[in-house]
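A.B. asks: Take a look at upload.cif, mmCIF, C-alpha atoms:
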```
data_data
#
loop_
_atom_site.label_atom_id
_atom_site.label_comp_id
_atom_site.auth_asym_id
_atom_site.auth_seq_id
_atom_site.Cartn_x
_atom_site.Cartn_y
_atom_site.Cartn_z
CA MET M 19 105.45 -131.91 99.04
CA ALA M 20 108.31 -130.21 97.21
CA ILE M 21 107.30 -131.98 94.00
CA ALA M 22 103.74 -130.63 94.20
CA VAL M 23 104.93 -127.07 94.73
CA THR M 24 107.29 -127.29 91.78
CA THR M 25 104.49 -128.64 89.55
CA GLY M 26 102.16 -125.81 90.55
CA VAL M 27 104.76 -123.16 89.77
CA LEU M 28 105.32 -124.64 86.28
CA VAL M 29 101.57 -124.70 85.51
CA VAL M 30 101.12 -121.08 86.58
CA SER M 31 104.12 -120.03 84.45
CA CYS M 32 102.69 -121.76 81.36
CA LEU M 33 99.34 -120.08 81.83
CA LEU M 34 100.98 -116.66 82.13
CA CYS M 35 103.00 -117.23 78.91
CA ALA M 36 99.91 -118.28 76.97
CA LEU M 37 98.00 -115.26 78.19
CA CYS M 38 100.80 -112.90 77.09
CA CYS M 39 100.97 -114.48 73.62
CA CYS M 40 97.23 -114.01 73.08
CA CYS M 41 97.37 -110.36 74.10
CA CYS M 42 100.30 -109.64 71.80
CA GLY M 43 98.57 -111.37 68.87
CA ARG M 44 95.44 -109.28 69.26
CA ARG M 45 97.48 -106.07 69.33
CA ARG M 46 99.32 -107.07 66.16
CA ARG M 47 96.09 -107.84 64.19
CA ARG M 48 94.45 -104.46 64.89
CA LYS M 49 96.82 -102.45 62.71
CA PRO M 50 95.93 -104.15 59.35
CA ARG M 51 92.20 -103.54 60.08
CA ASP M 52 92.86 -99.81 60.19
CA LYS M 53 94.61 -99.98 56.80
CA GLU M 54 91.71 -101.94 55.24
CA ALA M 55 89.23 -99.32 56.40
CA VAL M 56 91.21 -96.58 54.67
CA GLY M 57 91.40 -98.62 51.43
CA LEU M 58 87.63 -99.22 51.24
CA GLY M 59 86.91 -95.54 51.80
CA SER M 60 89.19 -94.57 48.93
CA ALA M 61 87.60 -97.14 46.57
CA ARG M 62 84.10 -95.90 47.39
CA SER M 63 85.09 -92.35 46.52
CA THR M 64 86.57 -93.43 43.17
CA THR M 65 83.47 -95.42 42.23
CA THR M 66 81.16 -92.50 42.97
CA THR M 67 83.16 -90.18 40.75
CA HIS M 68 83.04 -92.73 37.89
CA LEU M 69 79.26 -93.06 38.06
CA VAL M 70 78.65 -89.32 38.05
CA GLN M 71 80.84 -88.68 35.01
CA PRO M 72 78.45 -90.02 32.28
CA GLU M 73 75.70 -87.68 33.56
CA ALA M 74 78.02 -84.69 33.08
CA ASP M 75 78.79 -85.61 29.45
CA GLY M 76 75.60 -83.99 28.15
CA GLY M 77 74.35 -87.05 26.20
CA GLU M 78 73.22 -85.91 22.75
CA LEU M 79 73.18 -82.24 23.63
CA GLY M 80 75.59 -80.02 21.80
CA LEU M 81 76.55 -76.38 22.22
CA GLY M 82 73.76 -74.40 23.79
CA GLY M 83 71.84 -77.57 24.71
CA ALA M 84 70.42 -78.09 21.17
CA GLN M 85 69.77 -81.60 19.95
CA GLN M 86 72.14 -82.86 17.26
CA ARG M 87 70.07 -83.95 14.24
CA GLY M 88 72.95 -84.45 11.82
CA ARG M 89 74.63 -82.40 9.10
CA LEU M 90 73.91 -81.82 5.43
CA GLN M 91 76.52 -80.95 2.77
CA LEU M 92 75.30 -78.94 -0.19
CA SER M 93 76.53 -76.33 -2.66
CA LEU M 94 74.80 -73.33 -4.25
CA GLU M 95 75.80 -71.57 -7.45
CA TYR M 96 74.07 -68.89 -9.52
CA ASP M 97 74.72 -68.57 -13.26
CA SER M 98 73.88 -65.02 -14.32
CA GLY M 99 74.03 -65.98 -18.01
CA SER M 100 71.35 -68.66 -17.85
CA GLN M 101 69.70 -67.09 -14.75
CA GLU M 102 69.69 -70.46 -12.98
CA ILE M 103 70.45 -71.53 -9.43
CA GLN M 104 72.28 -74.85 -9.27
CA VAL M 105 71.84 -76.80 -6.04
CA GLY M 106 74.22 -79.68 -5.42
CA LEU M 107 73.21 -82.03 -2.62
CA LYS M 108 76.16 -84.23 -1.70
CA GLN M 109 75.56 -86.13 1.52
CA ALA M 110 74.19 -86.15 5.05
CA VAL M 111 75.84 -87.62 8.14
CA ASP M 112 74.84 -88.47 11.69
CA LEU M 113 71.08 -88.28 11.11
CA ARG M 114 68.94 -89.15 14.10
CA ALA M 115 66.52 -92.06 13.62
CA ARG M 116 62.92 -91.30 14.63
CA GLY M 117 61.72 -94.92 14.63
CA PRO M 118 62.41 -97.79 17.04
CA GLY M 119 64.75 -99.65 14.67
CA GLY M 120 67.65 -97.22 15.05
CA THR M 121 67.86 -96.56 11.30
CA ALA M 122 65.98 -94.66 8.57
CA ASP M 123 65.25 -94.48 4.82
CA PRO M 124 66.18 -90.83 4.22
CA TYR M 125 65.62 -88.66 1.19
CA ALA M 126 65.65 -84.88 0.65
CA ARG M 127 63.32 -82.36 -0.97
CA ILE M 128 64.79 -79.26 -2.59
CA SER M 129 62.50 -76.30 -3.22
CA LEU M 130 62.56 -72.51 -3.63
CA SER M 131 60.15 -70.14 -1.93
CA ALA M 132 59.61 -68.22 -5.18
CA GLN M 133 58.46 -71.37 -7.04
CA ALA M 134 55.74 -72.90 -4.91
CA GLY M 135 54.73 -76.40 -5.92
CA ARG M 136 57.94 -77.11 -7.84
CA GLY M 137 60.96 -78.91 -6.47
CA HIS M 138 63.21 -81.92 -6.64
CA GLU M 139 63.18 -85.10 -4.58
CA THR M 140 66.28 -87.25 -4.25
CA LYS M 141 66.45 -91.01 -4.38
CA VAL M 142 65.48 -92.85 -1.18
CA HIS M 143 68.47 -94.46 0.58
CA ARG M 144 67.39 -97.54 2.49
CA GLY M 145 68.62 -98.36 5.99
CA THR M 146 71.24 -95.67 6.60
CA LEU M 147 71.79 -92.56 8.70
CA CYS M 148 74.62 -91.29 6.44
CA PRO M 149 73.15 -91.17 2.91
CA GLY M 150 75.27 -90.10 -0.06
CA PHE M 151 72.91 -88.18 -2.38
CA ASP M 152 75.27 -86.82 -5.08
CA GLU M 153 72.41 -85.14 -6.97
CA THR M 154 72.16 -81.76 -8.68
CA CYS M 155 69.12 -79.76 -9.75
CA ARG M 156 68.56 -76.33 -11.34
CA PHE M 157 65.93 -73.63 -10.85
CA ARG M 158 65.43 -70.67 -13.17
CA VAL M 159 65.33 -67.45 -11.11
CA PRO M 160 65.62 -63.92 -12.63
CA PRO M 161 68.18 -61.67 -10.92
CA GLN M 162 65.50 -59.30 -9.60
CA GLU M 163 63.87 -62.18 -7.69
CA LEU M 164 67.05 -63.39 -5.97
CA PRO M 165 66.71 -61.15 -2.86
CA ARG M 166 63.23 -62.58 -2.21
CA THR M 167 64.16 -66.21 -2.92
CA ALA M 168 64.97 -68.67 -0.16
CA LEU M 169 66.10 -72.29 -0.47
CA ARG M 170 64.64 -74.99 1.76
CA VAL M 171 66.00 -78.53 2.02
CA PRO M 172 64.08 -80.80 4.43
CA VAL M 173 65.34 -84.34 5.02
CA LEU M 174 62.61 -86.94 5.54
CA ASP M 175 62.33 -90.60 6.49
CA SER M 176 60.41 -92.51 3.81
CA ARG M 177 57.58 -94.69 5.15
CA ARG M 178 55.57 -97.00 2.92
CA PHE M 179 52.46 -97.28 5.05
CA SER M 180 52.50 -94.06 7.09
CA ARG M 181 53.29 -90.37 6.76
CA HIS M 182 56.92 -89.58 6.00
CA GLU M 183 58.74 -88.42 9.16
CA PRO M 184 60.80 -85.19 8.96
CA LEU M 185 64.38 -85.67 10.22
CA GLY M 186 65.47 -82.02 9.93
CA ALA M 187 65.84 -79.11 7.54
CA VAL M 188 68.25 -76.36 6.51
CA ASP M 189 67.61 -72.88 5.11
CA PRO M 190 70.96 -71.67 3.68
CA GLN M 191 71.14 -67.98 2.78
CA ARG M 192 74.50 -67.68 0.99
CA VAL M 193 75.92 -69.02 -2.29
CA LEU M 194 78.82 -71.23 -1.22
CA GLU M 195 79.67 -74.81 -0.27
CA LEU M 196 79.74 -75.79 3.38
CA TRP M 197 78.26 -78.12 5.99
CA HIS M 198 74.95 -77.10 7.57
CA ARG M 199 73.75 -78.43 10.89
CA LEU M 200 70.19 -79.72 10.64
CA GLY M 201 67.71 -77.85 12.81
CA PRO M 202 64.33 -78.93 14.15
CA PRO M 203 61.90 -80.00 11.41
CA GLY M 204 59.29 -77.55 12.70
CA THR M 205 55.79 -77.79 11.31
CA ALA M 206 55.17 -80.30 8.54
CA GLU M 207 55.02 -78.95 5.01
CA ALA M 208 51.54 -78.18 3.81
CA GLU M 209 50.17 -80.95 1.64
CA PRO M 210 46.79 -79.67 0.44
CA ALA M 211 46.58 -82.27 -2.33
CA GLY M 212 46.73 -85.21 0.09
CA GLU M 213 48.29 -88.64 -0.36
CA LEU M 214 47.52 -91.77 -2.38
CA CYS M 215 48.32 -95.39 -1.53
CA VAL M 216 49.10 -97.54 -4.57
CA SER M 217 50.20 -101.14 -5.06
CA LEU M 218 52.30 -102.00 -8.16
CA ARG M 219 53.02 -105.45 -9.58
CA TYR M 220 54.74 -106.54 -12.80
CA VAL M 221 54.84 -110.02 -14.38
CA PRO M 222 57.65 -110.11 -17.00
CA SER M 223 56.50 -113.36 -18.65
CA SER M 224 53.09 -111.94 -19.58
CA GLY M 225 54.20 -108.31 -19.84
CA GLN M 226 51.39 -107.25 -17.52
CA PRO M 227 51.81 -104.46 -14.96
CA THR M 228 48.98 -104.10 -12.43
CA ALA M 229 48.21 -100.90 -10.54
CA ALA M 230 45.88 -101.17 -7.54
CA VAL M 231 44.53 -97.84 -6.28
CA LEU M 232 43.96 -98.65 -2.61
CA GLU M 233 43.00 -95.47 -0.74
CA ALA M 234 43.62 -91.74 -0.35
CA ARG M 235 43.86 -89.51 2.69
CA ASP M 236 44.14 -85.85 3.75
CA LEU M 237 42.10 -84.63 0.79
CA SER M 238 40.36 -81.27 0.96
CA LEU M 239 37.07 -81.37 2.85
CA GLY M 240 35.35 -79.28 0.16
CA LEU M 241 35.66 -82.01 -2.50
CA ALA M 242 32.69 -84.15 -3.55
CA GLU M 243 32.76 -87.73 -4.83
CA PRO M 244 36.53 -88.29 -5.17
CA TYR M 245 37.72 -91.13 -7.41
CA GLY M 246 40.99 -92.43 -8.82
CA LYS M 247 42.36 -92.45 -12.37
CA VAL M 248 45.07 -94.64 -13.89
CA GLN M 249 46.53 -93.72 -17.27
CA PRO M 250 49.73 -95.26 -18.68
CA SER M 251 51.68 -93.43 -21.35
CA LEU M 252 54.40 -94.81 -23.60
CA SER M 253 56.93 -92.35 -25.01
CA GLN M 254 54.57 -89.48 -24.06
CA ARG M 255 51.63 -91.10 -25.93
CA LYS M 256 48.68 -91.55 -23.56
CA TRP M 257 46.72 -94.77 -23.36
CA LYS M 258 43.10 -95.31 -22.35
CA THR M 259 42.24 -93.97 -18.90
CA ARG M 260 40.79 -96.32 -16.27
CA LYS M 261 38.68 -94.98 -13.39
CA THR M 262 37.60 -96.22 -9.99
CA SER M 263 34.08 -95.81 -8.69
CA PRO M 264 33.43 -92.44 -6.99
CA ARG M 265 33.01 -92.30 -3.23
CA LYS M 266 30.66 -90.03 -1.35
CA SER M 267 31.98 -86.82 0.21
CA THR M 268 35.02 -87.90 2.27
CA ALA M 269 38.59 -86.74 2.76
CA ALA M 270 39.86 -90.33 3.03
CA PRO M 271 38.15 -92.49 0.37
CA TYR M 272 38.79 -96.24 0.35
CA LEU M 273 38.95 -97.18 -3.35
CA ASN M 274 40.60 -100.64 -3.57
CA GLU M 275 40.37 -101.24 -7.33
CA ALA M 276 43.04 -102.81 -9.56
CA PHE M 277 43.77 -102.27 -13.26
CA ALA M 278 46.01 -104.37 -15.50
CA PHE M 279 47.74 -103.29 -18.72
CA HIS M 280 49.83 -105.02 -21.33
CA VAL M 281 53.37 -103.65 -21.66
CA PRO M 282 56.06 -105.73 -23.41
CA PHE M 283 59.15 -106.37 -21.33
CA GLY M 284 61.35 -104.37 -23.66
CA GLN M 285 59.17 -101.25 -23.35
CA VAL M 286 58.59 -101.16 -19.59
CA GLN M 287 61.43 -98.65 -19.14
CA ARG M 288 59.59 -96.07 -21.28
CA VAL M 289 56.22 -96.32 -19.54
CA ASP M 290 54.93 -93.54 -17.29
CA LEU M 291 52.10 -94.64 -15.00
CA VAL M 292 50.05 -91.51 -14.25
CA LEU M 293 47.97 -91.97 -11.08
CA ALA M 294 45.55 -89.20 -10.14
CA VAL M 295 42.73 -88.34 -7.77
CA TRP M 296 39.81 -86.43 -9.25
CA ALA M 297 36.75 -84.88 -7.59
CA ARG M 298 34.03 -82.31 -8.12
CA GLY M 299 35.02 -78.96 -6.70
CA ALA M 300 33.31 -75.61 -6.20
CA ARG M 301 32.49 -75.32 -9.93
CA LEU M 302 30.60 -78.65 -9.82
CA ARG M 303 32.77 -80.27 -12.46
CA ALA M 304 35.44 -82.93 -12.11
CA GLU M 305 38.94 -81.52 -11.60
CA PRO M 306 42.27 -83.17 -10.78
CA VAL M 307 43.13 -82.99 -7.08
CA GLY M 308 46.70 -84.19 -7.58
CA LYS M 309 48.89 -86.64 -9.47
CA VAL M 310 51.86 -88.93 -8.94
CA VAL M 311 53.86 -90.74 -11.64
CA PRO M 312 55.84 -93.85 -10.66
CA SER M 313 58.24 -94.46 -13.55
CA ALA M 314 61.89 -94.86 -14.47
CA ARG M 315 62.28 -91.13 -15.08
CA ALA M 316 60.62 -89.96 -11.88
CA SER M 317 62.52 -88.85 -8.78
CA GLY M 318 62.31 -89.59 -5.08
CA PRO M 319 59.79 -92.13 -3.71
CA PRO M 320 57.88 -92.62 -7.03
CA ARG M 321 61.09 -93.64 -8.81
CA GLN M 322 62.05 -95.91 -5.90
CA HIS M 323 58.59 -97.52 -5.94
CA TRP M 324 58.94 -98.30 -9.66
CA ALA M 325 62.44 -99.71 -9.12
CA ASP M 326 61.17 -101.94 -6.27
CA MET M 327 58.40 -103.26 -8.53
CA LEU M 328 60.93 -104.22 -11.23
CA ALA M 329 63.35 -105.73 -8.70
CA HIS M 330 60.64 -107.92 -7.11
CA ALA M 331 58.79 -109.34 -10.11
CA ARG M 332 55.35 -110.92 -9.56
CA ARG M 333 55.15 -109.42 -6.07
CA PRO M 334 52.82 -106.50 -5.23
CA ILE M 335 54.61 -103.51 -3.70
CA ALA M 336 52.37 -101.02 -1.84
CA GLN M 337 53.43 -97.49 -0.90
CA TRP M 338 51.98 -94.10 0.01
CA HIS M 339 52.74 -91.17 -2.34
CA ARG M 340 52.32 -87.43 -1.87
CA LEU M 341 50.05 -86.01 -4.56
CA ARG M 342 51.52 -83.13 -6.57
CA PRO M 343 49.69 -80.42 -8.53
CA ALA M 344 48.47 -81.70 -11.90
CA ARG M 345 50.11 -78.89 -13.89
CA GLU M 346 53.49 -79.54 -12.28
CA VAL M 347 53.31 -83.26 -13.13
CA ASP M 348 52.25 -82.59 -16.74
CA GLU M 349 55.15 -80.18 -17.24
CA ALA M 350 57.61 -82.66 -15.76
CA LEU M 351 56.42 -85.42 -18.08
CA ALA M 352 57.10 -83.21 -21.10
CA LEU M 353 60.58 -82.10 -19.98
CA ARG M 354 62.34 -84.94 -18.24
CA PRO M 355 64.48 -87.42 -20.19
CA HIS M 356 64.11 -91.18 -19.81
CA TRP M 357 66.41 -93.10 -17.49
CA CYS M 358 66.96 -96.87 -17.41
CA LEU M 359 66.52 -98.90 -14.24
CA PRO M 360 67.91 -102.42 -13.71
CA LEU M 361 65.48 -105.12 -14.87
CA PRO M 362 65.03 -108.58 -13.34
CA GLY M 363 67.59 -110.99 -14.73
CA SER M 364 69.66 -108.26 -16.39
#
```
Take the structure in the file and give it back as structure tokens.
C.D. replies:
Amino acid sequence: MAIAVTTGVLVVSCLLCALCCCCCGRRRRRKPRDKEAVGLGSARSTTTTHLVQPEADGGELGLGGAQQRGRLQLSLEYDSGSQEIQVGLKQAVDLRARGPGGTADPYARISLSAQAGRGHETKVHRGTLCPGFDETCRFRVPPQELPRTALRVPVLDSRRFSRHEPLGAVDPQRVLELWHRLGPPGTAEAEPAGELCVSLRYVPSSGQPTAAVLEARDLSLGLAEPYGKVQPSLSQRKWKTRKTSPRKSTAAPYLNEAFAFHVPFGQVQRVDLVLAVWARGARLRAEPVGKVVPSARASGPPRQHWADMLAHARRPIAQWHRLRPAREVDEALALRPHWCLPLPGS
């Protein structure tokens, strides 16, 4: 009997000890849970602040919320002796690509308001948003016309098979050298003469350049029976003119005719290929609508088109060109010196 009582007391004591240990263990584990809750709350607050910060940066917006289109470095100088304005276009940086590829083929046009239809186009720089132009041009302006003269320098993205996209423009008003921030391109420049799509191909072994007049667009609606003309000239001596068939009254004639000429390889640098669109106007006689001259002494896209033709022998290179007034092109052909472009294999 005594043994049974002693055994019962020991069992009860063991149960009481185990129960106390469990209660103490639970109390000890509650305190770290409170600390973990505080830590997670602090981390959540930090993460929220980090996600909001990029939205407060402003993205591509600059001072005043204006979009940053890049900057253009140029210089202006007026020589009172020769009565000429010298425009030096150095470079552009941080241009904004308009296409999906994230890059552009920029070039610039320099013109004065007092000399409509005359200007200078720089070389096209392929695949860059920071082109280095390093080009200078001069315009003759009498002193009495200076107060009414304004300079305009739009920067455009060259496109071979579509209209050139404006990237921005500047209108400086003072004669000095500084950086200008590009503003919105605004409305596109008026192009009353339209555009012409041409394919050029040169075969050095046979000395045969081929010009294919493909189509025109944005011609004046008042023109009748537009057609194309191709006339090479060597050292300012004109060759025989070749014509396409006229098309009925349309502002976008599809011509698609090719003409081949024989030009020795050693003389291809001195050839000017005069491409023109003619039509009957209000006086019922054929008049030139506009001209473009791809050659080694051209500037802007026409010069680049000629260089691409020489660099890719035997391969046709097609490109759209803006037609210029016929008188402006004829004067340029008589004044500009010849420049040499790299030839295949040289």
A.B. asks: Quick one: distance from atom CA of M:Ser267 to atom CA of M:Glu243 in Å, one decimal?
C.D. replies: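 Between atom CA of M:Ser267 and atom CA of M:Glu243 the gap is 5.2 Å.
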A.B. asks: For the provided coordinates, the residues matched by the PyMOL selection byres ((chain M and resi 99) around 12) should be stated as a ChimeraX atom specification.
C.D. replies: /M:96-98,100-103,158-161
A.B. asks: Which residue, M:Val292, M:Thr228, M:Asp112, M:Gly145, has the smallest gap to M:Lys247 when you use all atoms listed in the file?
C.D. replies: M:Val292
A.B. asks: Skipping near chain neighbours, those fewer than 4 positions away, what residues fall within 7 Å of stretch 120-129 of chain M using only C-alpha atoms, listed as a PyMOL selection string?
C.D. replies: chain M and resi 115+136-147+169-176
A.B. asks: Do you know which residues the PyMOL selection byres ((chain M and resi 265) around 10) returns on this file, as an MDAnalysis selection string?
C.D. replies: chainID M and resid 242:246 262:264 266:273 297
A.B. asks: Could you tell me which residues the PyMOL selection byres ((chain M and resi 285) around 12) returns for this structure, as a short mmCIF file (atom, residue, chain, number, x, y, z; two decimals) with C-alpha atoms, in the coordinates of the input?
C.D. replies:
```cif
data_model
loop_
_atom_site.label_atom_id
_atom_site.label_comp_id
_atom_site.auth_asym_id
_atom_site.auth_seq_id
_atom_site.Cartn_x
_atom_site.Cartn_y
_atom_site.Cartn_z
CA PRO M 222 57.65 -110.11 -17.00
CA GLY M 225 54.20 -108.31 -19.84
CA GLN M 226 51.39 -107.25 -17.52
CA PRO M 227 51.81 -104.46 -14.96
CA SER M 251 51.68 -93.43 -21.35
CA LEU M 252 54.40 -94.81 -23.60
CA SER M 253 56.93 -92.35 -25.01
CA HIS M 280 49.83 -105.02 -21.33
CA VAL M 281 53.37 -103.65 -21.66
CA PRO M 282 56.06 -105.73 -23.41
CA PHE M 283 59.15 -106.37 -21.33
CA GLY M 284 61.35 -104.37 -23.66
CA VAL M 286 58.59 -101.16 -19.59
CA GLN M 287 61.43 -98.65 -19.14
CA ARG M 288 59.59 -96.07 -21.28
CA VAL M 289 56.22 -96.32 -19.54
CA ASP M 290 54.93 -93.54 -17.29
CA SER M 313 58.24 -94.46 -13.55
CA ALA M 314 61.89 -94.86 -14.47
CA HIS M 356 64.11 -91.18 -19.81
CA CYS M 358 66.96 -96.87 -17.41
CA LEU M 359 66.52 -98.90 -14.24
CA LEU M 361 65.48 -105.12 -14.87
#
```
A.B. asks: Show me, as a list in words, the residues that have an atom within 10 Å of M:Arg333 when counting only C-alpha atoms, minus same-chain residues fewer than 5 positions from it.
C.D. replies: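 Everything that qualifies: Ser217, Leu218, Arg219, Tyr220, Val221, Asp326, Met327 and Leu328 of chain M.
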A.B. asks: Just C-alpha atoms for this one: save the residues we selected as a PDB file, in the frame of the given file.
C.D. replies:
```
ATOM      1  CA  SER M 217      50.200-101.140  -5.060  1.00  0.00           C
ATOM      2  CA  LEU M 218      52.300-102.000  -8.160  1.00  0.00           C
ATOM      3  CA  ARG M 219      53.020-105.450  -9.580  1.00  0.00           C
ATOM      4  CA  TYR M 220      54.740-106.540 -12.800  1.00  0.00           C
ATOM      5  CA  VAL M 221      54.840-110.020 -14.380  1.00  0.00           C
ATOM      6  CA  ASP M 326      61.170-101.940  -6.270  1.00  0.00           C
ATOM      7  CA  MET M 327      58.400-103.260  -8.530  1.00  0.00           C
ATOM      8  CA  LEU M 328      60.930-104.220 -11.230  1.00  0.00           C
TER       9      LEU M 328
END
```
A.B. asks: Determine the nearest neighbour of M:Glu305 from the options M:Arg116, M:Arg345, M:Lys258, M:Arg166, counting all atoms listed in the file.
C.D. replies: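 Closest residue, counting all atoms listed in the file: M:Arg345.
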A.B. asks: At what distance in Å, to one decimal, does atom CA of M:Arg177 lie from atom CA of M:Leu293?
C.D. replies: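 Atom CA of M:Arg177 lies at a distance of 19.1 Å from atom CA of M:Leu293.
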A.B. asks: Counting only C-alpha atoms, find residues at most 6 Å from (45.1, -89.9, -5.5) (file frame) and give them as a ChimeraX atom specification.
C.D. replies: /M:214,234,246,294-295
A.B. asks: Would you compute the distance between atom CA of M:Arg156 and atom CA of M:Pro184? Give it in Å to one decimal.
C.D. replies: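 So the two atoms, atom CA of M:Arg156 and atom CA of M:Pro184, lie 23.5 Å apart.
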